[in-house]
Each structure stands twice: as structure tokens, then as C-alpha cells.
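Beneath this line is the structure, given in C-alpha cells, with notes to follow.
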There are 6 protein chains.
Amino acid sequence: MKIKVIVPVSTDFWNDLVRDAYEKHKDPGTEIDIINIKRGPESIEQIYDDSWAALPALLEVEKAEKEGCAAAIIYCFGDPALLAAKEAVSIPVVGLCEPSIHVASMLGRKFSIIGVGGKVGYGLMIDNVTRYGLLHKLASVRLTDIKVLDIRKEFDKLVKILTEEGKKAIEVDGADVLVLGCGGLLNIADILQEKLGAPVIDPGLVALKVAELLAKLKLRQSKIAYISPYPKKRID
Amino acid sequence: MKIKVIVPVSTDFWNDLVRDAYEKHKDPGTEIDIINIKRGPESIEQIYDDSWAALPALLEVEKAEKEGCAAAIIYCFGDPALLAAKEAVSIPVVGLCEPSIHVASMLGRKFSIIGVGGKVGYGLMIDNVTRYGLLHKLASVRLTDIKVLDIRKEFDKLVKILTEEGKKAIEVDGADVLVLGCGGLLNIADILQEKLGAPVIDPGLVALKVAELLAKLKLRQSKIAYISPYPKKRID
Amino acid sequence: MKIKVIVPVSTDFWNDLVRDAYEKHKDPGTEIDIINIKRGPESIEQIYDDSWAALPALLEVEKAEKEGCAAAIIYCFGDPALLAAKEAVSIPVVGLCEPSIHVASMLGRKFSIIGVGGKVGYGLMIDNVTRYGLLHKLASVRLTDIKVLDIRKEFDKLVKILTEEGKKAIEVDGADVLVLGCGGLLNIADILQEKLGAPVIDPGLVALKVAELLAKLKLRQSKIAYISPYPKKRID
Amino acid sequence: MKIKVIVPVSTDFWNDLVRDAYEKHKDPGTEIDIINIKRGPESIEQIYDDSWAALPALLEVEKAEKEGCAAAIIYCFGDPALLAAKEAVSIPVVGLCEPSIHVASMLGRKFSIIGVGGKVGYGLMIDNVTRYGLLHKLASVRLTDIKVLDIRKEFDKLVKILTEEGKKAIEVDGADVLVLGCGGLLNIADILQEKLGAPVIDPGLVALKVAELLAKLKLRQSKIAYISPYPKKRID
Amino acid sequence: MKIKVIVPVSTDFWNDLVRDAYEKHKDPGTEIDIINIKRGPESIEQIYDDSWAALPALLEVEKAEKEGCAAAIIYCFGDPALLAAKEAVSIPVVGLCEPSIHVASMLGRKFSIIGVGGKVGYGLMIDNVTRYGLLHKLASVRLTDIKVLDIRKEFDKLVKILTEEGKKAIEVDGADVLVLGCGGLLNIADILQEKLGAPVIDPGLVALKVAELLAKLKLRQSKIAYISPYPKKRID
Amino acid sequence: MKIKVIVPVSTDFWNDLVRDAYEKHKDPGTEIDIINIKRGPESIEQIYDDSWAALPALLEVEKAEKEGCAAAIIYCFGDPALLAAKEAVSIPVVGLCEPSIHVASMLGRKFSIIGVGGKVGYGLMIDNVTRYGLLHKLASVRLTDIKVLDIRKEFDKLVKILTEEGKKAIEVDGADVLVLGCGGLLNIADILQEKLGAPVIDPGLVALKVAELLAKLKLRQSKIAYISPYPKKRID
């Protein structure tokens, strides 16, 4: 059972990190194949970046289906091209935001998204939560100014800030579950969970387990809801 | 990793069936321990039955935690005592309705619940979907008159009826995903999925995979949302 | 016209207090019969307690119908077993939370619930308001740490705290109506109403008047919504 | 305890009918004083009529307060000037639609409004239910073409039609409670309730009992939500 | 193309100010005819005032249609009699609140209303936003205590206060668009927009441009939604 | 005042038709500049096509700003890249769906979208209406099977079908306003409006007038909601 992981940014910066995490958490029968897109933005921090990543990510999902993959993960919390990809193929396609906030909704009454990238990302987050119909469960979005590409560089500072923001999300905004709002926030959920006493969701890991769940149970997005496109002239 | 499966009815009718299905679908490292409650109703078809099953089911969840189980599943689509059990213990507790409708929400825009037990069950279904905040995703509930305890007796007739009801849910009510509304509807999802061309969710199997997901990722219900009860005089 | 009042806790602590209040406020033709349950928790402060109280309360409602009562009141703001009881019988069954928040909704745009029992009770309150479809009217829930069974012991301190919490509900949370979140908060609404200049609803008294209203107008819960259970094996 | 009943139409056609019904259903201590407005429309069937009735009805509510009434009822399902009247005075003011749909919401999951006046009235009904925040509980509005002023003339035909519409509301639209959508539909609720097997709410009688409930419990609309107007030049 | 502008207050205080603004911003082919009502309140600051203004404003809208106007604007943010007027005539009728908050919704995710008249006006604002179905887009309402009729007298102080309130709406309440909550707040939007760095909507100007848009595209309120009243006895 | 009109499909098929319509309806001071994208799909009928059109459309919006345009219209009812474009530039950017459904909401209580492209387009429509927060106003979406590129070829047949679908939207689905769901449905709104007796909105014309409205009143999307992207490596 091969799962294709598409990192929708034009850098291979994340591939090894994600592979390590996925190798550690995948089920025995799962094989992981990670690639990044060649065109597109070097990071996705706002809706604008999503538009740059959409088509290259979409084409990789189509390729994954042709390669016989059992599922595809678009590895970014912005879920670029996710709904288009659900239309494009007949294998399950999973983003990071959508499964995370559904799992968060099962674990509490209100979740907050805490993450990086600063103010430019609020719209992307809120629009996605709205699109998935869970805005009434969202307590708040709190994004520190550290840029996505500086996550590893400023790791200790970041963990400290996210701990503080998570605390405020719980005490001020009324969250009882936290969702990390970026696929690059690897190896952080456990640390925060211990410090905060609330569930902290690592969206990349949840995406992996939900992709496995769907593939194992022979489930995928409804092709009545996400109808396959018919051939027409489309110029890349 | 032991998962306790609590069938909240006063009959052992379902235990072997569920065990078979779970042994087939569980992950390698999972151990399944199935029991039914001794007091309570012989089947759960409406809110009234839920009240009869609540306390015995709750006490079994508490026992499961003491036994060192990694997670507990209350194996009934009515999710009796689910929220009370989330308060009671610190291991993840999973029902059948809650995870199923969240997975359904990831796979389409509108889901219908199709099941058994007849008109008495509509309220239970709708109130649970409301409680979980997904009523805006519910296209319809369609419950045939066959009683829960007659599912295996009238299996072929039932499959035929559910196929018809599923078709109406899609064509008349606008559903694009179907959820089977009873834990006793085992070995039916695949048949219906083939006939209907839409995802059909087996709630028992989804509950198993979600319980495994939570246990593996060290997630559980938020103890800020579901606070443990303090000791007081409570007479059984 | 006899109204059965069921106090769903395993103590007779409240019976006289409730009887006094009800004798004072009932209509001329009303006869009040108060009992408490013998099994169950000594107080209801969270969802967990609800599950302990559900079945004994439900059985008392069924008994009340057999005794020829015109209506039954489940005298607790947690409304344990309320919906099950509406299914069980054909006389009107009334809780404390449901009628109070509907009356509150007629008197203002946003109500807050202020009460006792501390943090463990938030979930129970919010889930009930959600279940009744009035979450968009809820400004906040504010519960002081005083336990339900200490209400009479710490009465003066409690009145002072509730006055402060009510003020914050109005000034900080935007409430314009207050609902007392416990049936044990007797003889407090008038005091608070005077101090706060906003309507303060005594849920026990509202429950009484709504039960009388329904009985007099020959109204009761819809038996299309709350269908009577058919006989099956149910073990207590 | 005097309750002023203001029939907001420029005809005394309804006064005796309403008086008879109210004398029969009022509590022992209640005194009923019924008047109609002198200016305004002869019947209220759509939003346009509401604007004609608003100021004369409002002035009568102010007069009622000066006369020392304990409560005022604006006796029309269109609730003309209801919110303005709540601002104007410090005695409880009650309409017919608002309390009826709240009581309906306590008795079932979905209510339909069935009434007279034809298509012109749908907007008025739906806007009022929206204003009171209960649109999610509304199954449908069904208004037969018989005009308000012909209710008594065509009584038997009307009862037959409303029975049919009520049946459709239940079977087609999914209602489990019915609300009569006009104060002129007196002596009909009991007949329909018997025929339809669902609660049928007489809005005039519910208004009376809710007005009594508020007056007896010393409750009224929040003056924080409905602030009294300060004197300024207002020309009638 | 003549547009009738009805200022629904019993003073001609605003006519010249509005005429100046409208002459400056109207399209070349537009002719503006401004009048105020003779009866009614001298200013509209709460729901109570609305009831005083409703009928005189409504009659002026009917007159405008008879005069052959292409559209009518009820020039007040309270939108008195707006829905009744939509029923009354077959030319487009436009208020100030309704088009402003729809335009605000196109420009951002959350808008705040900032204005004058103090606390008495909150209910009017919130009920109108609810009526138009955009409450989920409303971040806050902030009304300073300056009275409507003192706007020009205290202009500089007012601009300063509104700047501060606008800033709080953005920083504290989460608004990203501001709507001025009164037709008398002329020549203020541009100043605030510059200071605040967020769109600030002048409701009077938006009403003008939307009226022109509708008239030019031959659009008007649906007469299926807003059905013309049939003749009956209505006494003024 | 130059408005750039970007037709986000890789064919110049529509340019002359749109130019004709816009020249006829634009205000005197408006200058129209129409172009189509060179890459992308030949038509946009579902979410998948949107992803192909997004980046080329976005780059044209950025170009329009550099050229000094006063506003940009993305001329497609799918609104591809609309929110990204709002982030990208500081001139107002307008789509076809967003302004149309807001204007529809001002004209009635429920609107339906009727259009072409068949079943593949439902998801795109519903997701956009959800994103704009107006799903509660949507009565239905009805899309005939005629493809977008066959609109002019099958014009008479199309008008007949849309008339029938519009009628069903009104009579069966409860719509009182209709919105044409494609920018290619030019010169149809007036015909349908006459036949159906309900407002029928031409989304292209509404987009033009709203773009003019925003430009004239110096309004644009909030740059607090749609923050400009900072430079980073983005590969086309």
C-alpha cells in the first residue's frame, strides 16, 4: 500500500523531515513516497501562495493515481488544490487541515489553530475552516511572526512562543484542543501536549493515519460530490 | 495495545460478529477485548433505550481504564453515555456515530444515515448529529422498520431495502455519502458501496480505526472539555 | 391537577425547600407532589452525574404518569433523562434548563447562565443549550466553585459572588438576561434582579409555570417527535 | 392583576371572541381588558399591514402601562410594534408569534405554521421567526387563501383545509408540532390536535399564559436589551 | 432617471447636506429629489423611533412610485419600513443598512458598525443585521453617546471618537471593514479610511450607487418575496 | 477610469461578446479593457478547472494594477483566484459570483443559481456560496447539461431550458430571485425576467456595476483581511 506524499512547495527542504516522521508512524504495510513540486512557492503562508501551488500539486496527485498509489496526501496545512484533486482522481486525497480539524472536533468542543507565518495566514485558515463547515468549533487562530522557512532555525524560540500562544488559546479564547497550523511543525505536538494539558494535534501525522484509514477501509471522497473532469483543452 | 469494545446491550448476540469483523480489520499490534453489558436494554433503537444503557456502559468504560486498555469503544450508533465516559476516564473513548459522521464529512458535502429500527430512532440520530455540530451536513435519516435484533434474520431483504433507501438518499435528499446507522449492520457497507457508487461508511470499522489512530498518536478527548468527576456519593 | 416533581438526586435535602417555593408560586388548582430518587448521585454537576441519575429519574416519570399526574418536572438544571422521559410518557415532561432558556430568549437578545459547581459543569450546560438549539443566544456560562450541596451553607457568600458574576456577564460578555443554572438556587433571583437591573430567571419557578401552562392548554411534547418505546427486554 | 389585550386592527370584530376565550382560560386572579386600535388596517396579513398598525398599537401599550396594567398583549400573530413596545414600557409586553414558537420548540424538533391570508403572509412569518432566532426549527409555513376577516364566515371549510395542510406539514415537511398562524383562529387548536395527533398551538392562549407567567414571576423584557426611549420631538 | 430620497425624520435638517453629497456622487443621468417626512420622530436612534417613522416613510415611497421615480431611497440606517415599502411598490426601494453591510461583506470577512446615538441603538442595529442574514459577519457595534442631531455640532470631537472606536473595532473586535451606522455621518468615511487603513463605508453613498445599479440593470426587489398588498380598509 | 476585465479561459471566444455588453452598460467615464488568459482551461465548469485558471488569472490582475487600472474583474462565475487576487493587489478586484449573490440577497429571501455545465459544477457553486457566507440564502442550484462552450450554439434551446429550470427553482425550491450561474449567459437575464416574473441577475453586468461603485467610492477589499504577499521565491 503506497501513499504518495506531495509537499506543495518548490523546495526539498521538508522531504527528509517528513519522511522520518512518517517512517516512524506509518503502519507496517504502508510504503511512503515523498516528493515536492518543482514549480510553485517556496512556502505557503497565505491564499496567494495557494494559487501558485495549486496546479503543480494537482498534477502530482494525478501522477500518483497513475502510479498505482493507494492514497495521496497534499502535505500542507493550506490544503492547496485539495478539492480539485478530489475531483481529479479516484484514490483518496487527504490534506492536512481538513482531517486535523475533524479529529480536533471529536476531542473537544472548541479548537484553536496555533502556528507560524504571521498575520498573512489568518484568512487562509479561516476560509478553510469555513469551507469544511467547522467554523462554529473554532475558538481562535494564533499565528506567530516566525516564517515557515525559519521553523527549524528558530526551533526553541518557536516552541516557547507556541506554548504561550496555546496557553492563551485555552485561557483567553476558550479552546480545549489545539491544532498545529503547519506541516512543518514536526516533533512539537508531544512537547506542547505535555506542557499544556490539552490535546495538541500534529496535522501531518493525522493526515497519514486518516489516509491509511481510508485506504484500508476502501473509502475515498465521493465521486458524486467530486465529479471527475471530462477532457477539454487545458494549457499548462 | 488493547482496545476494549463495549457492546451496550444486555445480550451477547453481537459479540462474535463484532469480534470477527474487528480481528479482520485491526492493525497488527492491536488486541481486541469484547464484552456486552449485563443490565440494560436488549437493543438500542431510541433515546429511551440510551438511558437504560448509559450507566452500565459507563461503568464498563471505567473498568477498561483500570485494566490498562489503550482505548475504549462504545459499540452502538446511539453513542450511549459517550460524553459521560469521556469525562470519566483518561483513555480515548470512541462511539460509532461521532467518528463516522466526521469521516463522512471529509468525503463529501452531505451525508445521509440509513439504518434500521424504524421511526422511533429519528430523534436519537438527529440529536446526536446536532450535539456533534454537523447537522448542516446531514441530508436525511432513513430508517427501515426492521428491528435491530432482526438484522441477521432478514439480511437479504435488509440489503435490498437499504440499497433502495440509499438510492433515495442520493437522488431525492441530495446525499453524496452514506453512513450505516447501526453497529449491527456488519458486512453491508461494501455491498452497498458497489451498488450505489457512493462511499458507504461502516461505523463499527471507522470506530476501530479512529480508536487506533488516537491511541497511536497519543491523543484522547480533552480533559479540559471533559473534566474528570470528583468523588461524591453515587448510588448504583 | 397534580404535578409530580422529581428531584433526581439521592438525597432529600432539597425536597422541603422546593415544596415551599412551589406551594408559594403554584396556581390555585395545582397540587404538588415532590420526591427524590433513591439511587443516583447526591448532586448533579456534570455530564457524568447525569448518566447516574438518568434511569432512576426516568422510572419516576413513568410512575408519575401511572399515578395520573397532569405533568412531571425533572427538577434539575442538567435536565437528566429529559428527552428519554418525553419519549416514555404521554403527559408533559418539563426540565429546568429547557423552559428557562426559552423564556430568557423571549426577554432579551443574549442570556448568560450563572451558577455553581465550578468548571466541571460547563460542558453539561453548553451541550444542553446546543441540544435545544439556542446556542446563538448564549452570551456565556459562569459557574462559581461553590459545590451544589454547599449552596445553603454559604448562602451570603454565594449571593455576593453571583452578583459579581452576573455583572460581568452583562458588562463583559454582553448578556442582557441571566438564568440561574441550578435548581438549588432558590430565593436568589429576586435579590439579583434588584441588584443587576436585568431579568434573572429562577429555573425551578419557570419550570412550574410552564408545566402548568402546558397542562392547562392540554399541550405536551409531540409524540411524533418523542415516540413511545415498544416493550422489549430491558434489565434494570 | 390586569392584562391589557390590544387587538391591533381597526375593527372590533375580534374583541368579543377573544374576551370569551380569555375569560375561559385566564387564571383566577387575572383581569382582562380588551380594546382594538382605532386607526390602522382592518386586518394584518403581511408586512405592509404591520407598518400601518405599528404606531397605534405602540401608543396603546404605553397607555396600558400608565393605567397600571401588569402586562400587555399585542394580539396579532404578526407581532406589530412588539420590539418597539418592549422598549417603550417597563411592564412585560407579549406578542402571539414569539411565545408560540418558543413553546413549540419545547414540544418538538420542528414546527410548522399553518394559517390564513395566503401567499402575502409568508414573508411576515419567516422574517419574524428569523428575528426570534428560531428559523432552524421551522419546517414550513402553509397559509390557505382564506382571508383573515373571512375566518368565521368559512369556519368549517377552514377547519377542513387546515387539517389537510397540517397533515402535509407533518408528512411532507417534517413538522412534529403545529402553530396556528393567526390570533383569529380561535377554537380550532383542540379540533386539529385531535385529528392530527400532534400538538397544535393556539397562539392567543399561549400569549395569555406567558403574560401571566411573566407577571407572576415579576419578569419582563430586559431593559438592557430594550432601552426606554428618551423624550424627543415625535409627531403623530 | 429620478431617484426619490426620503429622509424619514420630521426635520429638514439633513436635506441640504444629503443633496450636496448626492449631487457630487450621482451618475450623470441621475436626478435627485430629496424630501423629509412631516410626521414622525426628529431622529431615529432606536426601534421605538422606527415605529414612529414607518407609516409616513411608507406613504412617501408610494408617492414616489406614482411620480414615476426610478427608485426610492429611505435615507436612514435604521431602514424604517423598508420591507413594507418593498411590498408596497414595484420600483426598487433601498435602505442604508442593507446595501452597506452587503458591500462590507464583499470587502472583508468581518465588519463593525460604528456610529452615534449611544446604547439605545444596539438593538436596532443587531436586529437589522440579523434580518438581512449577515449576523455571522458582524464583528461588533460601537455607538458613541453623541446624539444624531448633534453630529454637525460636535463634528471634530465625533471624528476623533469614531477614529478611536474604529481602531478598537479592528484591533479588539476583529473587524476588517467598518460601516458608518448613520446617514448623518456624511463626509467622514474618507477621513476615517485614511486614518484606519481599512475600508470605511458611507452608507448613504452606497445606497445611492446601489439604487442606480438596480435602476440601470432593471432590477428591483422580487415581487414574489415582497407581494403587493391588496386594497383593504386602512386608516391613517 | 479603466477597468480591466480578465476572462480566465484560454480562448478569446467571449471577449467580443463581453465587450459589447460592457460598452452598452458601462457608465460614461468608464473605459473597458478585456483580455483572456493564454494558459488555463478553455472553460471553467468545476473546481478542477479553477485550479488551472488560478495562476494565469492572478498574474493578469497584478498586471492590471501595474497598468494603473481602477479595478479588475475576473470574468467567470467560478471566481477563480479571486481571494488570492484580493491579497495580491490594492485595487478593487471583483468576481462574478460574489457580487451577484449579494445583490440577489438584497432583492429577495432565497435565490437559486441556474446555469450550464451540468452536474460537475454543483460543488463549485455551493463551495463559493458557502465561502461568501450566504448558503442560508441559497434555495437551489440547477445546471443544465449544455456545456459552457455550446451556449451560443444552442441559444434558443438553452433559453427554453433555463426558463423551465427557473420556474422549478421558484415553484419547487422556493426561490424568489434567480442568478445566472455563468458569465457566458449574456443577453438572457431580461428574457427570463419577463417570462418568470422574478428578478434574474446577469452576473457579468452586476460585476461591472459593482466594480464601478467601488472605484467611484474609493473602496476596495480590506488589506487587513487580504494582506499583500511579501516577496519570496515563487516559480511559475
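By order of appearance in the C-alpha cells: chains A, B, ..., then residues from 1 within every chain, and ligands from 1 in the order shown.
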As a PyMOL selection string, please: all residues of segment 10-187 of chain C that backbone DSSP puts in helix (DSSP H, G or I).
chain C and resi 15-25+47-66+82-88+97-107+118-131+135-137+148-150+155-171
Using only C-alpha atoms, find which residues of chain F lie within 6 Å of chain E and jot them down as a list in words.
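Contact residues on the first chain: His102, Leu107, Gly108, Asp176, Ala198, Pro199, Gln221, Ser222, Ile224 and Ala225 of chain F.
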Keeping N, CA and C atoms for every residue in the selection just given, could you write it to a file as a compact mmCIF listing (two decimals), in the first residue's frame?
# COMPACT_ATOMS: atom_id res chain seq x y z
N HIS F 102 -24.74 38.66 -3.50
CA HIS F 102 -25.06 39.71 -2.52
C HIS F 102 -26.20 40.58 -3.03
N LEU F 107 -32.52 41.49 -2.86
CA LEU F 107 -33.76 41.57 -3.64
C LEU F 107 -34.81 40.55 -3.22
N GLY F 108 -34.42 39.58 -2.40
CA GLY F 108 -35.39 38.57 -2.00
C GLY F 108 -34.91 37.82 -0.79
N ASP F 176 -37.00 33.14 -4.81
CA ASP F 176 -37.73 34.31 -5.29
C ASP F 176 -36.84 35.23 -6.14
N ALA F 198 -39.73 37.23 -11.83
CA ALA F 198 -38.84 37.34 -10.67
C ALA F 198 -37.55 38.00 -11.16
N PRO F 199 -36.82 38.67 -10.28
CA PRO F 199 -35.55 39.26 -10.71
C PRO F 199 -34.60 38.17 -11.19
N GLN F 221 -11.21 45.90 -1.46
CA GLN F 221 -11.12 44.86 -0.43
C GLN F 221 -10.21 45.36 0.71
N SER F 222 -10.54 44.99 1.92
CA SER F 222 -9.74 45.37 3.08
C SER F 222 -8.36 44.73 3.01
N ILE F 224 -6.53 44.59 5.46
CA ILE F 224 -6.35 43.88 6.74
C ILE F 224 -6.84 42.44 6.60
N ALA F 225 -7.87 42.26 5.79
CA ALA F 225 -8.38 40.91 5.56
C ALA F 225 -7.58 40.18 4.48
Segment 57-112 of chain B: residues DSSP assigns to strand (DSSP E or B), reported as a PyMOL selection string
chain B and resi 71-74+93-94+111-112
Compile the contact shell of segment 54-56 of chain D as a list of chain:residue names: residues with an atom at most 10 Å away, counting only C-alpha atoms, same-chain residues fewer than 6 positions apart removed.
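Listing them by chain and then by number gives D:Ile6, D:Pro8, D:Val9, D:Ser10, D:Asn36, D:Ile37, D:Lys38, D:Arg39, D:Gly40, D:Asp79, D:Pro80, D:Ala81, D:Leu82, D:Ala84, D:Ala85, D:Asp236, E:Gly40, E:Tyr48, E:Asp49, E:Asp50, E:Ser51, E:Trp52, E:Ala53, E:Ala54, E:Leu55, E:Asp236.
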Point-to-point distance from atom CA of Gly166 of chain F to atom CA of Ile113 of chain F, Å rounded to tenths
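Here the two named atoms are 8.6 Å from each other.
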Please measure the separation of atom CA of Arg152 of chain D and atom CA of Val7 of chain D, giving the value in Å to one decimal.
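Atom-to-atom, atom CA of Arg152 of chain D to atom CA of Val7 of chain D, that is 16.7 Å.
Here atom CA of Glu164 of chain F is placed at a distance of 19.9 Å from atom CA of Glu171 of chain B.
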Give me, as an NGL selection string, all polymer residues having an atom no more than 6 Å from Gln46 of chain A, counting only C-alpha atoms and skipping those fewer than 6 positions away in the same chain.
:A and (120-121 or 124)
Only C-alpha atoms, please: the residues just picked out, written as an mmCIF file, in the first residue's frame.
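Okay, this is what ended up in selection_37.cif:
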data_model
loop_
_atom_site.group_PDB
_atom_site.id
_atom_site.type_symbol
_atom_site.label_atom_id
_atom_site.label_comp_id
_atom_site.auth_asym_id
_atom_site.auth_seq_id
_atom_site.Cartn_x
_atom_site.Cartn_y
_atom_site.Cartn_z
ATOM 1 C CA VAL A 120 -0.927 36.971 6.372
ATOM 2 C CA GLY A 121 -2.198 33.471 7.149
ATOM 3 C CA LEU A 124 -6.325 31.134 4.596
#
